[in-house]
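One structure below.
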Amino acid sequence: MLNQNYSKAGRRKTAIARVRTSEGEGRILINDRTIDDYFMGLERHKKTVLKPLEIWSGSKGYDFYINVRGGGNSGQAGAISHGLARTLLKLNADLKPA
């Protein structure tokens with residue numbers, strides 16, 4: 001694992017998500033809440049958010065802290081997904097073809 005923290009932004013519609021990483025246990029906190037608490041049963045939005053993490057099994061060794069603003073649930077889920085994808089590319093450049 002790398003001993004570096006990364007921060008990237010993702011955007012969709014009018015939503016902006018800022019994703020910070022640190023070494024950890026695979027936690028995802030969105031605006032200081034868990035993904036289940038944040039999207040409260042909207043499974044399709046949770047799937048959208050988690051899509052980039054399915055590509056790389058090494059992501060389990062990192063915690064993701066996300067601040068998201070603007071837009072609705074769908075736009076925020078897309079912005080978070082975009083930010084996670086950009087962060088994963090910083091962590092492992094070999095993922096670019098995927």
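Identifiers in the structure tokens: chain A, B, ... in order shown; residue index from 1 per chain; ligand index from 1 in order shown.
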
request  = Extract, using only C-alpha atoms, all DNA, RNA and protein residues at most 7 Å from Thr48 in chain A, discarding same-chain residues fewer than 4 positions from it, and format them as a list of chain:residue names.
outcome  =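 Contacts, with the query itself left out: A:Arg44, A:Ala77, A:Gly78, A:Ser81.
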
Export of prior selection with N, CA, C and O atoms as a PDB file, in the first residue's frame:
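File again11.pdb, as written:
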```
ATOM      1  N   ARG A  44     -30.200   1.757  -5.930  1.00  0.00           N
ATOM      2  CA  ARG A  44     -29.590   2.063  -7.234  1.00  0.00           C
ATOM      3  C   ARG A  44     -28.503   3.124  -7.094  1.00  0.00           C
ATOM      4  O   ARG A  44     -27.507   3.096  -7.803  1.00  0.00           O
ATOM      5  N   ALA A  77     -24.833  10.846  -6.465  1.00  0.00           N
ATOM      6  CA  ALA A  77     -24.292   9.491  -6.622  1.00  0.00           C
ATOM      7  C   ALA A  77     -23.324   9.436  -7.802  1.00  0.00           C
ATOM      8  O   ALA A  77     -22.248   8.843  -7.716  1.00  0.00           O
ATOM      9  N   GLY A  78     -23.678  10.072  -8.915  1.00  0.00           N
ATOM     10  CA  GLY A  78     -22.795  10.102 -10.073  1.00  0.00           C
ATOM     11  C   GLY A  78     -21.510  10.871  -9.811  1.00  0.00           C
ATOM     12  O   GLY A  78     -20.425  10.467 -10.240  1.00  0.00           O
ATOM     13  N   SER A  81     -19.282   8.707  -7.620  1.00  0.00           N
ATOM     14  CA  SER A  81     -18.704   7.644  -8.443  1.00  0.00           C
ATOM     15  C   SER A  81     -17.547   8.180  -9.283  1.00  0.00           C
ATOM     16  O   SER A  81     -16.490   7.547  -9.384  1.00  0.00           O
TER      17      SER A  81
END
```

request  = Name all residues at most 10 Å from Gln76 in chain A (count only C-alpha atoms; drop same-chain ones fewer than 4 positions away) and give them as an MDAnalysis selection string.
outcome  = chainID A and resid 10:17 39 45 48:49 67:72 80:82

key: Residue nearest Asn31 in chain A - candidates A:Ile66, A:Asn5, A:Thr87, A:Gly75, atoms counted: only C-alpha atoms   = A:Ile66

query = Between A:Asp63, A:Ala79, A:Arg20, A:Leu53, which has the minimum distance to Leu95 in chain A (counting only C-alpha atoms)?
reply =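 Counting only C-alpha atoms, the residue closest to Leu95 in chain A is A:Leu53.
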
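For the pair CA of Ile35 in chain A and CA of Ala93 in chain A, the interatomic distance is 25.9 Å.
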
Leu89 in chain A: which residues within 12 Å, counting only C-alpha atoms, same-chain residues fewer than 2 positions away excluded, as an mmCIF file with N, CA and C atoms, in the first residue's frame?
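Okay, this is what ended up in selection38.cif:
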```cif
data_model
loop_
_atom_site.group_PDB
_atom_site.id
_atom_site.type_symbol
_atom_site.label_atom_id
_atom_site.label_comp_id
_atom_site.auth_asym_id
_atom_site.auth_seq_id
_atom_site.Cartn_x
_atom_site.Cartn_y
_atom_site.Cartn_z
ATOM 1 N N TYR A 6 -4.780 10.814 -1.033
ATOM 2 C CA TYR A 6 -5.146 11.497 -2.261
ATOM 3 C C TYR A 6 -6.484 12.180 -2.103
ATOM 4 N N SER A 7 -6.656 13.235 -2.857
ATOM 5 C CA SER A 7 -7.913 13.963 -2.854
ATOM 6 C C SER A 7 -8.251 14.312 -4.295
ATOM 7 N N LYS A 8 -9.436 13.950 -4.733
ATOM 8 C CA LYS A 8 -9.893 14.242 -6.097
ATOM 9 C C LYS A 8 -11.342 14.687 -6.040
ATOM 10 N N PRO A 52 -17.128 1.910 -9.130
ATOM 11 C CA PRO A 52 -15.673 1.976 -9.341
ATOM 12 C C PRO A 52 -14.883 1.085 -8.384
ATOM 13 N N LEU A 53 -15.410 0.838 -7.183
ATOM 14 C CA LEU A 53 -14.685 0.029 -6.202
ATOM 15 C C LEU A 53 -14.718 -1.456 -6.542
ATOM 16 N N ILE A 55 -13.989 -2.717 -9.354
ATOM 17 C CA ILE A 55 -12.934 -2.996 -10.331
ATOM 18 C C ILE A 55 -11.634 -3.422 -9.657
ATOM 19 N N TRP A 56 -11.328 -2.844 -8.502
ATOM 20 C CA TRP A 56 -10.032 -3.070 -7.868
ATOM 21 C C TRP A 56 -10.215 -3.602 -6.465
ATOM 22 N N GLY A 58 -7.947 -3.992 -4.287
ATOM 23 C CA GLY A 58 -7.042 -3.290 -3.373
ATOM 24 C C GLY A 58 -7.683 -2.113 -2.676
ATOM 25 N N SER A 59 -8.863 -1.716 -3.127
ATOM 26 C CA SER A 59 -9.532 -0.566 -2.514
ATOM 27 C C SER A 59 -10.010 -0.867 -1.096
ATOM 28 N N HIS A 82 -17.743 9.345 -9.878
ATOM 29 C CA HIS A 82 -16.695 9.974 -10.693
ATOM 30 C C HIS A 82 -15.470 10.301 -9.839
ATOM 31 N N GLY A 83 -15.701 10.857 -8.654
ATOM 32 C CA GLY A 83 -14.589 11.171 -7.758
ATOM 33 C C GLY A 83 -13.846 9.928 -7.284
ATOM 34 N N LEU A 84 -14.581 8.863 -6.981
ATOM 35 C CA LEU A 84 -13.943 7.608 -6.579
ATOM 36 C C LEU A 84 -13.103 7.027 -7.704
ATOM 37 N N ALA A 85 -13.630 7.074 -8.923
ATOM 38 C CA ALA A 85 -12.887 6.553 -10.070
ATOM 39 C C ALA A 85 -11.586 7.325 -10.272
ATOM 40 N N ARG A 86 -11.650 8.643 -10.160
ATOM 41 C CA ARG A 86 -10.443 9.453 -10.322
ATOM 42 C C ARG A 86 -9.442 9.176 -9.207
ATOM 43 N N THR A 87 -9.940 8.963 -7.989
ATOM 44 C CA THR A 87 -9.063 8.659 -6.863
ATOM 45 C C THR A 87 -8.393 7.301 -7.050
ATOM 46 N N LEU A 91 -4.411 6.054 -7.107
ATOM 47 C CA LEU A 91 -3.872 4.996 -6.264
ATOM 48 C C LEU A 91 -3.200 3.900 -7.087
ATOM 49 N N ASN A 92 -3.771 3.584 -8.253
ATOM 50 C CA ASN A 92 -3.239 2.506 -9.084
ATOM 51 C C ASN A 92 -3.474 2.859 -10.549
ATOM 52 N N ALA A 93 -2.465 3.360 -11.228
ATOM 53 C CA ALA A 93 -2.586 3.792 -12.620
ATOM 54 C C ALA A 93 -2.871 2.643 -13.578
ATOM 55 N N ASP A 94 -2.617 1.399 -13.160
ATOM 56 C CA ASP A 94 -2.873 0.244 -14.014
ATOM 57 C C ASP A 94 -4.367 0.012 -14.263
ATOM 58 N N LEU A 95 -5.225 0.697 -13.523
ATOM 59 C CA LEU A 95 -6.670 0.528 -13.669
ATOM 60 C C LEU A 95 -7.246 1.311 -14.853
ATOM 61 N N LYS A 96 -6.448 2.164 -15.479
ATOM 62 C CA LYS A 96 -6.972 3.045 -16.529
ATOM 63 C C LYS A 96 -7.692 2.296 -17.643
ATOM 64 N N PRO A 97 -7.188 1.187 -18.157
ATOM 65 C CA PRO A 97 -7.920 0.490 -19.208
ATOM 66 C C PRO A 97 -9.304 -0.011 -18.763
ATOM 67 N N ALA A 98 -9.442 -0.341 -17.486
ATOM 68 C CA ALA A 98 -10.730 -0.836 -16.980
ATOM 69 C C ALA A 98 -11.727 0.295 -16.938
#
```

ask   = Using the chain letters and numbers from this document, which residues of chain A does DSSP assign to strand (DSSP E), as a ChimeraX atom specification?
value = /A:7-12,15-23,28-30,33-34,62-69

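The closest residue to Glu25 in chain A, picked from A:Glu43, A:Tyr62, A:Leu50, A:Tyr38 and counting only C-alpha atoms, is A:Tyr62.
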